[in-house]
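In what follows, a single structure is set out as structure tokens and then discussed.
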Amino acid sequence: MQAAPAADMYPRKILEYMEGFLISKTVFTSCELGVFDVLLAAERPLSAEEISQAVGASVDGTQRLLGACTGLQLLNTQWDDGQAFYSNTEQSRVFLTRSSPLSLYQSIQYSSRTIYLCWHYLTDAVREGRNQYEKAFGVSSKDLFQALYRSDEEMVKFMHLMNSIWNICGKDVVTALDLTPFEVVCDLGGCSGALAKQCTLAYPKCTVTIFDLPKVVRVSREHFVSAADQRIGFCEGDFFKDSLPAADLFILARILHDWTDERCIELLCRIYKACKPGGGVLLVEALLNEDGSGPLTAQLYSLNMLVQTEGRERTGAQYAALLASSGFTNIQHRLTGKIYDAVLGHKET
């Protein structure tokens with residue numbers, strides 16, 4: 001017989017988890033309406049009436065949204081003669097306004113319009129053990145990146161997502177281990193070039209080639225990498241099919257978590273052949289604890305990989321095993337204390 005619960009037991013955590021999607025949608029909606037941008041442009045606290053007029057929304061709905069944002073500590077509230085006036089917190093100003101160099105706005109838009117829709121089918125993903133692109137968007141998921149890049153608009157949204165992530169997290173992962181010996185770097189699946197820029201900032205002697213699909217390279221040249229980034233170049237191709245350029249160091253940032261172990265080893269073996277003797281490969285991923293107990297973010301990301309890709313998040317030891325199976329030795333990993341960590345494997349001289 002199940003023991004009776006304590007009389008004062010209250011399911012606080014469970015209720016918080018149940019309400020998690022309400023928090024996400026509050027942030028998504030506030031960004032989509034441009035609440036934080038309006039407050040930034042105003043350069044003074046605004047009333048709900050002023051904000052509602054600026055974003056084209058009802059006063060009542062805006063008041064409720066602003067109240068929730070205040071409760072989430074995304075807005076400051078001050079009262080004057082019985083009326084509330086709102087302003088951005090420092091976190092909101094830095095990370096939720098579109099014009100900020102560290103803006104997460106595009107990442108939030110991608111989460112709202114793509115990831116959130118896939119997660120509607122999480123139960124099906126768990127039952128079936130496969131991603132849910134066909135149900136969410138009506139496109140075949142046999143070719144993963146054909147599904148991810150199912151339109152130019154979707155591809156640009158994904159590139160903005162990756163750009164915002166590496167603008168914030170890139171420096172930590174490229175400096176977690178000393179990459180000074182590697183002067184010729186190839187960033188496979190380098191997307192917008194944000195991580196390549198962090199590499200050139202951290203290591204003044206290195207040059208970085210971004211290797212990605214032709215359409216990704218085209219958009220990156222047009223919108224993300226400028227002529228001022230003189231130590232960044234491009235190479236078009238499919239890293240599973242086409243020849244890889246020779247390099248001292250290959251970077252795979254949030255790449256292997258998209259794929260099965262078999263496909264990871266296939267790619268790593270191709271990299272090993274292209275890698276110069278004494279060179280290496282740097283993996284950037286959200287590492288799970290060795291016993292699988294956390295971190296929670298990595299555990300949730302692994303569920304997201306189930307919903308969206310063929311892959312999973314892994315432990316440092318699991319990535320080390322993939323590297324060893326592909327010929328790499330002297331494997332090291334470093335935890336950054338943030339979302340993404342670094343694993344470095346070497347090719348013997």
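As shown in the structure tokens, the chain order sets the letters A, B, ...; within each chain, residues go from 1, and ligands are also counted from 1 in the order they appear.
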For stretch 142-226 of chain A versus stretch 96-100 of chain A, which residues have an atom no more than 12 Å away, and what is each residue's nearest atom pair and distance in Å rounded to one decimal, using only C-alpha atoms, chain-then-number order, as a Markdown table?
```
| residue | atom | partner | partner_atom | distance |
| --- | --- | --- | --- | --- |
| A:His160 | CA | A:Arg98 | CA | 11.5 |
| A:Ser164 | CA | A:Ser100 | CA | 10.3 |
| A:Asn167 | CA | A:Ser100 | CA | 10.8 |
| A:Ile168 | CA | A:Ser100 | CA | 11.4 |
```
For A:Ser141, please output as an mmCIF file with C-alpha atoms, in the first residue's frame all residues within 10 Å (counting only C-alpha atoms; exclusion window: fewer than 4 positions along the same chain).
```cif
data_model
loop_
_atom_site.group_PDB
_atom_site.id
_atom_site.type_symbol
_atom_site.label_atom_id
_atom_site.label_comp_id
_atom_site.auth_asym_id
_atom_site.auth_seq_id
_atom_site.Cartn_x
_atom_site.Cartn_y
_atom_site.Cartn_z
ATOM 1 C CA ARG A 130 12.645 9.527 -34.072
ATOM 2 C CA ASN A 131 12.327 13.200 -34.955
ATOM 3 C CA GLN A 132 8.989 14.812 -35.708
ATOM 4 C CA TYR A 133 9.617 17.143 -38.657
ATOM 5 C CA GLU A 134 7.049 15.419 -40.850
ATOM 6 C CA LYS A 135 4.245 15.922 -38.329
ATOM 7 C CA PHE A 137 6.026 20.865 -40.795
ATOM 8 C CA PHE A 145 19.442 19.385 -43.147
ATOM 9 C CA GLN A 146 16.982 19.410 -46.017
ATOM 10 C CA ALA A 147 14.373 19.416 -43.251
ATOM 11 C CA LEU A 148 16.176 22.004 -41.113
ATOM 12 C CA GLN A 308 14.561 17.451 -34.119
ATOM 13 C CA THR A 309 17.505 15.299 -35.273
ATOM 14 C CA GLU A 310 19.013 11.805 -35.412
#
```
Review point. Near A:Thr207, within 12 Å and counting only C-alpha atoms, which residues show up once chain neighbours fewer than 5 positions away are dropped, as a list of chain:residue names?
Key: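 In the requested form, the answer reads A:Thr180, A:Phe182, A:Glu183, A:Val184, A:Val185, A:Cys186, A:Asp187, A:Ala196, A:Lys197, A:Gln198, A:Cys199, A:Thr200, A:Leu201, A:Ala202, A:Asp229, A:Gln230, A:Arg231, A:Ile232, A:Gly233, A:Phe234, A:Ala247, A:Asp248, A:Leu249, A:Phe250.
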Quick one: residues within 8 Å of stretch 334-336 of chain A, only C-alpha atoms, excluding same-chain residues fewer than 6 positions away - as a short mmCIF file (atom, residue, chain, number, x, y, z; two decimals) with N, CA, C and O atoms, in the first residue's frame?
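Output below, filename result.cif:
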```cif
data_model
loop_
_atom_site.label_atom_id
_atom_site.label_comp_id
_atom_site.auth_asym_id
_atom_site.auth_seq_id
_atom_site.Cartn_x
_atom_site.Cartn_y
_atom_site.Cartn_z
N ASP A 172 34.17 31.40 -24.49
CA ASP A 172 34.41 30.41 -23.44
C ASP A 172 34.88 29.08 -24.01
O ASP A 172 35.78 28.44 -23.46
N VAL A 173 34.27 28.64 -25.12
CA VAL A 173 34.60 27.31 -25.63
C VAL A 173 35.91 27.30 -26.41
O VAL A 173 36.64 26.30 -26.37
N ALA A 176 38.69 27.39 -23.66
CA ALA A 176 38.66 26.39 -22.59
C ALA A 176 39.93 25.54 -22.60
O ALA A 176 40.41 25.09 -21.56
N LEU A 177 40.47 25.29 -23.79
CA LEU A 177 41.74 24.59 -23.97
C LEU A 177 42.64 25.47 -24.84
O LEU A 177 42.14 26.24 -25.66
N LEU A 287 27.90 18.85 -22.50
CA LEU A 287 28.27 17.53 -21.98
C LEU A 287 27.35 17.11 -20.83
O LEU A 287 27.10 17.89 -19.90
N ALA A 342 34.09 21.75 -24.02
CA ALA A 342 35.05 21.49 -25.08
C ALA A 342 35.72 20.14 -24.89
O ALA A 342 36.10 19.76 -23.78
N VAL A 343 35.88 19.41 -26.01
CA VAL A 343 36.61 18.13 -26.04
C VAL A 343 37.62 18.23 -27.17
O VAL A 343 37.27 18.57 -28.30
#
```
Practice item. In Å, rounded to a single decimal, give me how far atom CA of A:Glu285 is from atom CA of A:Asn330. Key: 18.4 Å
Point to revise | DSSP helix (DSSP H, G or I) residues within stretch 29-278 of chain A, as a VMD selection string | key: chain A and resid 29 to 33 35 to 42 48 to 55 59 to 71 90 to 95 105 to 119 122 to 128 133 to 137 144 to 148 152 to 174 194 to 202 214 to 223 256 to 258 261 to 274
Exercise for review: With a distance cut-off of 8 Å and only C-alpha atoms, select the neighbouring residues of A:Tyr110, excluding the residue or stretch itself and same-chain residues fewer than 6 positions from it, and output the selection as a ChimeraX atom specification.
Suggested key: /A:157-158,161
Selection to disk with all heavy atoms, as a PDB file, in the first residue's frame:
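File again36.pdb, as written:
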```pdb
ATOM      1  N   LYS A 157      16.837  31.882 -40.268  1.00  0.00           N
ATOM      2  CA  LYS A 157      16.459  31.876 -38.847  1.00  0.00           C
ATOM      3  C   LYS A 157      17.420  30.999 -38.051  1.00  0.00           C
ATOM      4  O   LYS A 157      17.850  31.371 -36.955  1.00  0.00           O
ATOM      5  CB  LYS A 157      15.017  31.373 -38.671  1.00  0.00           C
ATOM      6  CG  LYS A 157      13.949  32.370 -39.052  1.00  0.00           C
ATOM      7  CD  LYS A 157      12.593  32.005 -38.472  1.00  0.00           C
ATOM      8  CE  LYS A 157      12.076  30.693 -38.975  1.00  0.00           C
ATOM      9  NZ  LYS A 157      10.713  30.387 -38.474  1.00  0.00           N
ATOM     10  N   PHE A 158      17.750  29.817 -38.594  1.00  0.00           N
ATOM     11  CA  PHE A 158      18.677  28.910 -37.910  1.00  0.00           C
ATOM     12  C   PHE A 158      20.058  29.547 -37.798  1.00  0.00           C
ATOM     13  O   PHE A 158      20.719  29.442 -36.759  1.00  0.00           O
ATOM     14  CB  PHE A 158      18.762  27.586 -38.658  1.00  0.00           C
ATOM     15  CG  PHE A 158      19.667  26.578 -38.008  1.00  0.00           C
ATOM     16  CD1 PHE A 158      19.225  25.816 -36.939  1.00  0.00           C
ATOM     17  CD2 PHE A 158      20.969  26.389 -38.454  1.00  0.00           C
ATOM     18  CE1 PHE A 158      20.066  24.889 -36.324  1.00  0.00           C
ATOM     19  CE2 PHE A 158      21.807  25.468 -37.856  1.00  0.00           C
ATOM     20  CZ  PHE A 158      21.352  24.723 -36.786  1.00  0.00           C
ATOM     21  N   LEU A 161      20.076  31.986 -35.074  1.00  0.00           N
ATOM     22  CA  LEU A 161      20.124  31.259 -33.808  1.00  0.00           C
ATOM     23  C   LEU A 161      21.564  30.931 -33.438  1.00  0.00           C
ATOM     24  O   LEU A 161      22.024  31.228 -32.322  1.00  0.00           O
ATOM     25  CB  LEU A 161      19.304  29.978 -33.909  1.00  0.00           C
ATOM     26  CG  LEU A 161      19.561  28.888 -32.855  1.00  0.00           C
ATOM     27  CD1 LEU A 161      19.006  29.309 -31.504  1.00  0.00           C
ATOM     28  CD2 LEU A 161      18.957  27.560 -33.283  1.00  0.00           C
TER      29      LEU A 161
END
```
Revision key, fill the gap. In Å and to one decimal, atom CA of A:Ser107 is distant from atom CA of A:Cys31 by 10.7 Å
Point to revise | Pick from A:Thr297, A:Asp143, A:Gln78, A:Thr26 nearest to A:Arg44, counting only C-alpha atoms | key: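 For A:Arg44, the nearest of the candidates is A:Gln78.
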Exercise for review: Do a neighbour search on A:Gln332 at 12 Å with only C-alpha atoms, toss out local chain neighbours closer than 6 positions, and write the hits as a list in words.
Suggested key: Ala176, Leu177, Asp178, Gly280, Val281, Leu282, Leu283, Gly316, Ala317, Tyr319, Ala320, Ala321, Leu323, Ala324, Asp341, Ala342, Val343, Leu344, Gly345 and His346 of chain A
**Study point:** stretch 242-344 of chain A: residues DSSP assigns to strand (DSSP E), reported as a list of chain:residue names
**Key:**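 Strand (DSSP E) members of stretch 242-344 of chain A, listed: A:Ala247, A:Asp248, A:Leu249, A:Phe250, A:Ile251, A:Leu252, A:Ala253, A:Cys275, A:Lys276, A:Pro277, A:Gly278, A:Gly279, A:Gly280, A:Val281, A:Leu282, A:Leu283, A:Val284, A:Glu285, A:Thr329, A:Asn330, A:Ile331, A:Gln332, A:His333, A:Arg334, A:Asp341, A:Ala342, A:Val343, A:Leu344.
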Exercise for review: Between atom CA of A:Asn289 and atom CA of A:Thr315, measure the distance and give it in Å to one decimal.
Suggested key: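 Atom CA of A:Asn289 sits 5.9 Å away from atom CA of A:Thr315.
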Review point. In terms of the shortest atom-to-atom distance over only C-alpha atoms, which of A:Thr175, A:Ser30, A:Asn88, A:Asn304 is closest to A:His120?
Key: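 Nearest candidate to A:His120 out of A:Thr175, A:Ser30, A:Asn88, A:Asn304: A:Asn304.
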Practice item. Would you mind listing what lies within 10 Å of A:Leu267 as a list in words, with only C-alpha atoms counted and same-chain residues fewer than 2 positions away left out? Key: Phe239, Phe240, Lys241, Leu256, Trp259, Asp261, Glu262, Arg263, Cys264, Ile265, Cys269, Arg270, Ile271, Tyr272 and Ser326 of chain A
Store the residues of this selection in a file with N, CA, C and O atoms, as a short mmCIF file (atom, residue, chain, number, x, y, z; two decimals), in the first residue's frame.
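Output file out-v2.cif follows:
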```cif
data_model
loop_
_atom_site.label_atom_id
_atom_site.label_comp_id
_atom_site.auth_asym_id
_atom_site.auth_seq_id
_atom_site.Cartn_x
_atom_site.Cartn_y
_atom_site.Cartn_z
N PHE A 239 30.13 17.95 -45.63
CA PHE A 239 31.25 17.33 -44.93
C PHE A 239 31.17 15.80 -44.88
O PHE A 239 32.14 15.14 -44.52
N PHE A 240 30.04 15.22 -45.26
CA PHE A 240 29.97 13.76 -45.36
C PHE A 240 30.38 13.25 -46.74
O PHE A 240 30.68 12.07 -46.90
N LYS A 241 30.38 14.14 -47.75
CA LYS A 241 30.58 13.68 -49.13
C LYS A 241 31.82 14.28 -49.80
O LYS A 241 32.48 13.61 -50.59
N LEU A 256 28.13 17.04 -33.80
CA LEU A 256 28.00 15.60 -33.54
C LEU A 256 26.71 15.26 -32.80
O LEU A 256 26.20 14.14 -32.93
N TRP A 259 23.83 13.64 -34.79
CA TRP A 259 23.98 12.40 -35.54
C TRP A 259 24.13 11.17 -34.63
O TRP A 259 24.52 11.27 -33.48
N ASP A 261 25.91 7.53 -33.46
CA ASP A 261 27.31 7.20 -33.24
C ASP A 261 27.99 6.79 -34.55
O ASP A 261 29.15 7.16 -34.82
N GLU A 262 27.29 6.00 -35.36
CA GLU A 262 27.87 5.51 -36.62
C GLU A 262 28.21 6.67 -37.55
O GLU A 262 29.30 6.70 -38.15
N ARG A 263 27.30 7.63 -37.66
CA ARG A 263 27.54 8.78 -38.54
C ARG A 263 28.64 9.68 -37.96
O ARG A 263 29.44 10.26 -38.71
N CYS A 264 28.71 9.78 -36.64
CA CYS A 264 29.77 10.57 -36.00
C CYS A 264 31.14 9.99 -36.33
O CYS A 264 32.07 10.74 -36.68
N ILE A 265 31.27 8.68 -36.21
CA ILE A 265 32.55 8.03 -36.50
C ILE A 265 32.90 8.17 -37.97
O ILE A 265 34.07 8.41 -38.34
N CYS A 269 36.34 10.03 -38.93
CA CYS A 269 37.37 9.34 -39.73
C CYS A 269 37.76 10.18 -40.94
O CYS A 269 38.95 10.22 -41.33
N ARG A 270 36.80 10.84 -41.55
CA ARG A 270 37.10 11.73 -42.68
C ARG A 270 37.98 12.90 -42.21
O ARG A 270 38.91 13.32 -42.91
N ILE A 271 37.66 13.42 -41.04
CA ILE A 271 38.45 14.52 -40.48
C ILE A 271 39.87 14.05 -40.16
O ILE A 271 40.85 14.76 -40.44
N TYR A 272 39.99 12.85 -39.60
CA TYR A 272 41.32 12.33 -39.24
C TYR A 272 42.22 12.25 -40.47
O TYR A 272 43.41 12.61 -40.41
N SER A 326 38.05 6.74 -34.05
CA SER A 326 38.38 7.36 -35.34
C SER A 326 39.88 7.64 -35.47
O SER A 326 40.31 8.22 -36.47
#
```
**Study point:** Among the residues A:Ile115, A:Val284, A:Arg312, A:Leu104, the one that comes closest to A:Leu188 [using only C-alpha atoms]
**Key:**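 Looking only at the distances to A:Leu188, the closest residue turns out to be A:Val284.
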